[in-house]
>>> print(open('model18.cif').read())   # mmCIF, C-alpha atoms
data_coords
#
loop_
_atom_site.label_atom_id
_atom_site.label_comp_id
_atom_site.auth_asym_id
_atom_site.auth_seq_id
_atom_site.Cartn_x
_atom_site.Cartn_y
_atom_site.Cartn_z
CA MET H 44 0.00 0.00 0.00
CA VAL H 45 1.23 3.48 -0.88
CA ARG H 46 1.51 5.77 2.12
CA PRO H 47 0.07 9.29 1.88
CA ASP H 48 2.60 11.97 1.01
CA PRO H 49 3.67 13.70 4.26
CA LEU H 50 4.05 16.97 2.34
CA LEU H 51 0.31 17.01 1.78
CA ARG H 52 -1.81 18.36 4.55
CA HIS H 53 -5.25 19.79 4.82
CA THR H 54 -4.78 23.53 4.78
CA GLY H 55 -8.36 24.53 5.49
CA ASN H 56 -8.83 25.79 1.95
CA ASP H 57 -11.82 25.04 -0.22
CA THR H 58 -9.97 24.00 -3.37
CA TYR H 59 -10.89 20.86 -5.30
CA LEU H 60 -9.33 19.17 -8.30
CA GLY H 61 -11.65 17.59 -10.84
CA PHE H 62 -10.72 14.75 -13.19
CA ASP H 63 -12.12 13.53 -16.49
CA PHE H 64 -10.53 10.08 -16.63
CA GLY H 65 -9.83 8.41 -19.95
CA ASN H 66 -7.59 5.58 -21.07
CA LYS H 67 -5.38 7.88 -23.17
CA LYS H 68 -5.83 11.25 -21.44
CA ILE H 69 -6.98 12.71 -18.14
CA GLY H 70 -8.48 16.19 -18.12
CA ILE H 71 -7.96 18.16 -14.92
CA ALA H 72 -9.75 21.21 -13.55
CA VAL H 73 -9.52 23.25 -10.36
CA GLY H 74 -12.32 24.91 -8.44
CA GLN H 75 -13.31 26.45 -5.13
CA SER H 76 -16.46 25.83 -3.14
CA THR H 77 -16.54 29.40 -1.80
CA THR H 78 -16.96 30.88 -5.26
CA ALA H 79 -18.58 27.71 -6.69
CA THR H 80 -16.51 28.09 -9.83
CA ALA H 81 -14.32 25.66 -11.72
CA SER H 82 -11.67 26.34 -14.36
CA SER H 83 -10.00 23.98 -16.78
CA LEU H 84 -6.36 23.37 -15.92
CA LEU H 85 -4.67 20.92 -18.29
CA THR H 86 -4.79 17.56 -20.00
CA LEU H 87 -2.32 14.83 -19.12
CA ARG H 88 -1.52 11.99 -21.45
CA SER H 89 -1.66 8.49 -19.97
CA PRO H 90 1.33 6.54 -21.29
CA ASN H 91 0.41 2.89 -21.85
CA GLN H 92 -3.04 3.68 -20.40
CA ASN H 93 -1.53 4.45 -16.97
CA PRO H 94 -2.12 7.76 -15.19
CA ASP H 95 0.92 10.04 -14.99
CA TRP H 96 1.19 9.86 -11.20
CA HIS H 97 4.27 12.07 -11.10
CA LYS H 98 2.40 14.98 -12.71
CA ILE H 99 -0.80 14.33 -10.74
CA THR H 100 1.23 14.37 -7.51
CA ALA H 101 2.85 17.67 -8.55
CA LEU H 102 -0.62 19.18 -9.14
CA VAL H 103 -1.91 17.96 -5.78
CA ARG H 104 1.13 19.44 -4.06
CA GLU H 105 0.74 22.73 -5.91
CA TRP H 106 -2.98 23.21 -5.33
CA GLN H 107 -3.27 21.39 -1.96
CA PRO H 108 -6.92 20.50 -2.52
CA CYS H 109 -9.23 19.46 0.29
CA GLY H 110 -10.91 16.93 -2.02
CA LEU H 111 -10.86 15.36 -5.47
CA VAL H 112 -13.81 14.93 -7.84
CA VAL H 113 -13.82 12.25 -10.54
CA GLY H 114 -16.37 11.95 -13.32
CA ILE H 115 -17.88 8.48 -13.52
CA SER H 116 -19.47 7.33 -16.76
CA ARG H 117 -22.34 4.86 -16.79
CA GLN H 118 -24.90 3.82 -19.35
CA ALA H 119 -28.34 5.45 -19.38
CA ASP H 120 -29.79 2.49 -17.45
CA GLY H 121 -27.16 2.87 -14.70
CA GLN H 122 -25.06 -0.10 -15.77
CA ASP H 123 -21.31 0.24 -16.03
CA ASN H 124 -19.66 1.21 -19.31
CA PRO H 125 -16.53 -0.71 -20.32
CA ILE H 126 -14.38 2.07 -18.79
CA THR H 127 -16.35 2.43 -15.52
CA PRO H 128 -14.23 -0.14 -13.58
CA ARG H 129 -11.04 1.74 -14.57
CA MET H 130 -12.60 5.02 -13.41
CA LEU H 131 -13.46 3.46 -10.04
CA LYS H 132 -9.92 2.05 -9.75
CA PHE H 133 -8.56 5.56 -10.46
CA CYS H 134 -10.75 6.87 -7.59
CA ARG H 135 -9.33 4.25 -5.21
CA GLN H 136 -5.78 5.04 -6.33
CA LEU H 137 -6.29 8.78 -5.77
CA GLU H 138 -7.68 8.18 -2.30
CA GLY H 139 -4.86 5.79 -1.38
CA ARG H 140 -2.07 7.99 -2.73
CA PHE H 141 -3.21 11.33 -1.36
CA ASN H 142 -5.38 10.46 1.66
CA LEU H 143 -8.01 12.93 0.47
CA PRO H 144 -11.74 12.42 0.04
CA VAL H 145 -12.62 11.41 -3.51
CA TYR H 146 -16.10 12.29 -4.72
CA GLN H 147 -17.72 10.65 -7.72
CA GLN H 148 -19.78 12.78 -10.08
CA ASP H 149 -21.97 11.52 -12.89
CA GLU H 150 -20.26 12.66 -16.07
CA ALA H 151 -23.05 11.86 -18.49
CA LEU H 152 -22.11 13.39 -21.83
CA THR H 153 -19.56 15.89 -20.46
CA THR H 154 -16.92 15.10 -23.09
CA PHE H 155 -19.56 15.37 -25.81
CA GLU H 156 -20.79 18.66 -24.31
CA ALA H 157 -17.21 19.95 -24.11
CA LYS H 158 -16.60 19.06 -27.76
CA GLN H 159 -19.80 20.83 -28.81
CA MET H 160 -18.91 23.96 -26.82
CA LEU H 161 -15.40 24.11 -28.21
CA PHE H 162 -16.36 23.36 -31.78
CA ASP H 163 -19.50 25.51 -31.94
CA GLU H 164 -18.60 28.44 -29.70
CA VAL H 165 -14.83 28.71 -30.02
CA ASN H 166 -14.50 27.13 -33.46
CA LEU H 167 -11.38 25.14 -32.58
CA SER H 168 -9.67 22.89 -35.09
CA ALA H 169 -10.01 19.13 -34.62
CA GLY H 170 -6.37 18.85 -33.49
CA LYS H 171 -6.67 21.56 -30.86
CA LEU H 172 -10.06 20.19 -29.81
CA TRP H 173 -8.44 16.81 -29.09
CA GLU H 174 -5.94 18.55 -26.79
CA VAL H 175 -8.37 20.58 -24.67
CA GLN H 176 -11.72 18.76 -24.67
CA ASP H 177 -10.82 16.63 -21.63
CA GLN H 178 -9.82 19.55 -19.43
CA LEU H 179 -13.07 21.30 -20.33
CA ALA H 180 -14.95 18.08 -19.55
CA ALA H 181 -13.15 18.02 -16.16
CA GLN H 182 -14.26 21.62 -15.62
CA LEU H 183 -17.89 20.67 -16.40
CA ILE H 184 -17.68 17.67 -14.03
CA LEU H 185 -16.23 19.77 -11.20
CA GLN H 186 -18.65 22.64 -11.84
CA SER H 187 -21.60 20.22 -11.65
CA TRP H 188 -20.28 18.81 -8.38
CA LEU H 189 -19.75 22.28 -6.90
CA ASN H 190 -23.26 23.32 -7.96
CA ASP H 191 -24.82 20.15 -6.52
CA ASN H 192 -23.01 20.59 -3.21
CA ARG H 193 -23.83 24.29 -2.96
CA LEU H 194 -27.50 23.43 -3.39
CA LYS H 195 -27.25 20.67 -0.74
CA ASN H 196 -25.51 23.01 1.72
CA ASN H 197 -28.12 25.72 1.17
CA HIS H 198 -30.89 23.25 2.05
CA ASP H 199 -29.22 21.88 5.20
#
>>> encode(input="model18.cif", output="structure tokens")
Amino acid sequence: MVRPDPLLRHTGNDTYLGFDFGNKKIGIAVGQSTTATASSLLTLRSPNQNPDWHKITALVREWQPCGLVVGISRQADGQDNPITPRMLKFCRQLEGRFNLPVYQQDEALTTFEAKQMLFDEVNLSAGKLWEVQDQLAAQLILQSWLNDNRLKNNHD
């Protein structure tokens, strides 16, 4: 078992990192619960379909989030997609490596929505779209989670 990094500590901030997990790329976003806003950060390639843990660790150290949010894809009937087990494994790995709470957020159609936004509204080329769609999808996942939790906290 990997021990949590002693350089990581809860700093009392309200920062979260959001992840759009894919076999080839992982989109990453950052957001704050105080402002309930998320911003796209970057897209990491996954060599040999393995997350780039070195770069993810560097991001966690830099941002010192109080939690991590991962988009989970399922079919319309709630059954797992072929990638769902890998997404859940990624969640367990994040939790084990960083000793932070990992929240799962339904990511239904976020990559599709990100592609549509980028293609229609920004008119990006297909090559550039491939590079940034995942970080925008991560932003949409994290923004949805922040919105859902703000609504829950306002009703408590």
>>> resolve_selection(input="model18.cif", expression="the PyMOL selection byres ((chain H and resi 178) around 7)", output="ChimeraX atom specification")
/H:70-72,83-86,175-177,179-182
>>> resolve_selection(input="model18.cif", expression="the PyMOL selection byres ((chain H and resi 132) around 12)", output="list in words")
Phe64, Asn93, Pro94, Val113, Ile115, Ile126, Thr127, Pro128, Arg129, Met130, Leu131, Phe133, Cys134, Arg135, Gln136, Leu137, Glu138, Gly139, Val145 and Gln147 of chain H
>>> residues_around(input="model18.cif", residues="Asp95 of chain H", least_positions_apart="6", cutoff="10 Å", atoms="all atoms listed in the file", output="list in words")
Lys68, Ile69, Leu87, Arg88 and Ser89 of chain H
>>> write_last_selection(input="model18.cif", atoms="C-alpha atoms", output="PDB file, in the coordinates of the input")
ATOM      1  CA  LYS H  68      -5.830  11.250 -21.440  1.00  0.00           C
ATOM      2  CA  ILE H  69      -6.980  12.710 -18.140  1.00  0.00           C
ATOM      3  CA  LEU H  87      -2.320  14.830 -19.120  1.00  0.00           C
ATOM      4  CA  ARG H  88      -1.520  11.990 -21.450  1.00  0.00           C
ATOM      5  CA  SER H  89      -1.660   8.490 -19.970  1.00  0.00           C
TER       6      SER H  89
END
>>> resolve_selection(input="model18.cif", expression="the PyMOL selection byres ((chain H and resi 189) around 9)", output="ChimeraX atom specification")
/H:74-76,79-81,184-188,190-194
>>> atom_distance(input="model18.cif", atom1="atom CA of Asp63 of chain H", atom2="atom CA of Glu150 of chain H")
8.2 Å
>>> atom_distance(input="model18.cif", atom1="atom CA of Asn124 of chain H", atom2="atom CA of Gln148 of chain H")
14.8 Å
>>> atom_distance(input="model18.cif", atom1="atom CA of Asp149 of chain H", atom2="atom CA of Asp57 of chain H")
21.1 Å
>>> closest_residue(input="model18.cif", among="H:Leu60, H:Asn66, H:Pro144, H:Ser82", to="Arg104 of chain H", atoms="all atoms listed in the file")
H:Leu60
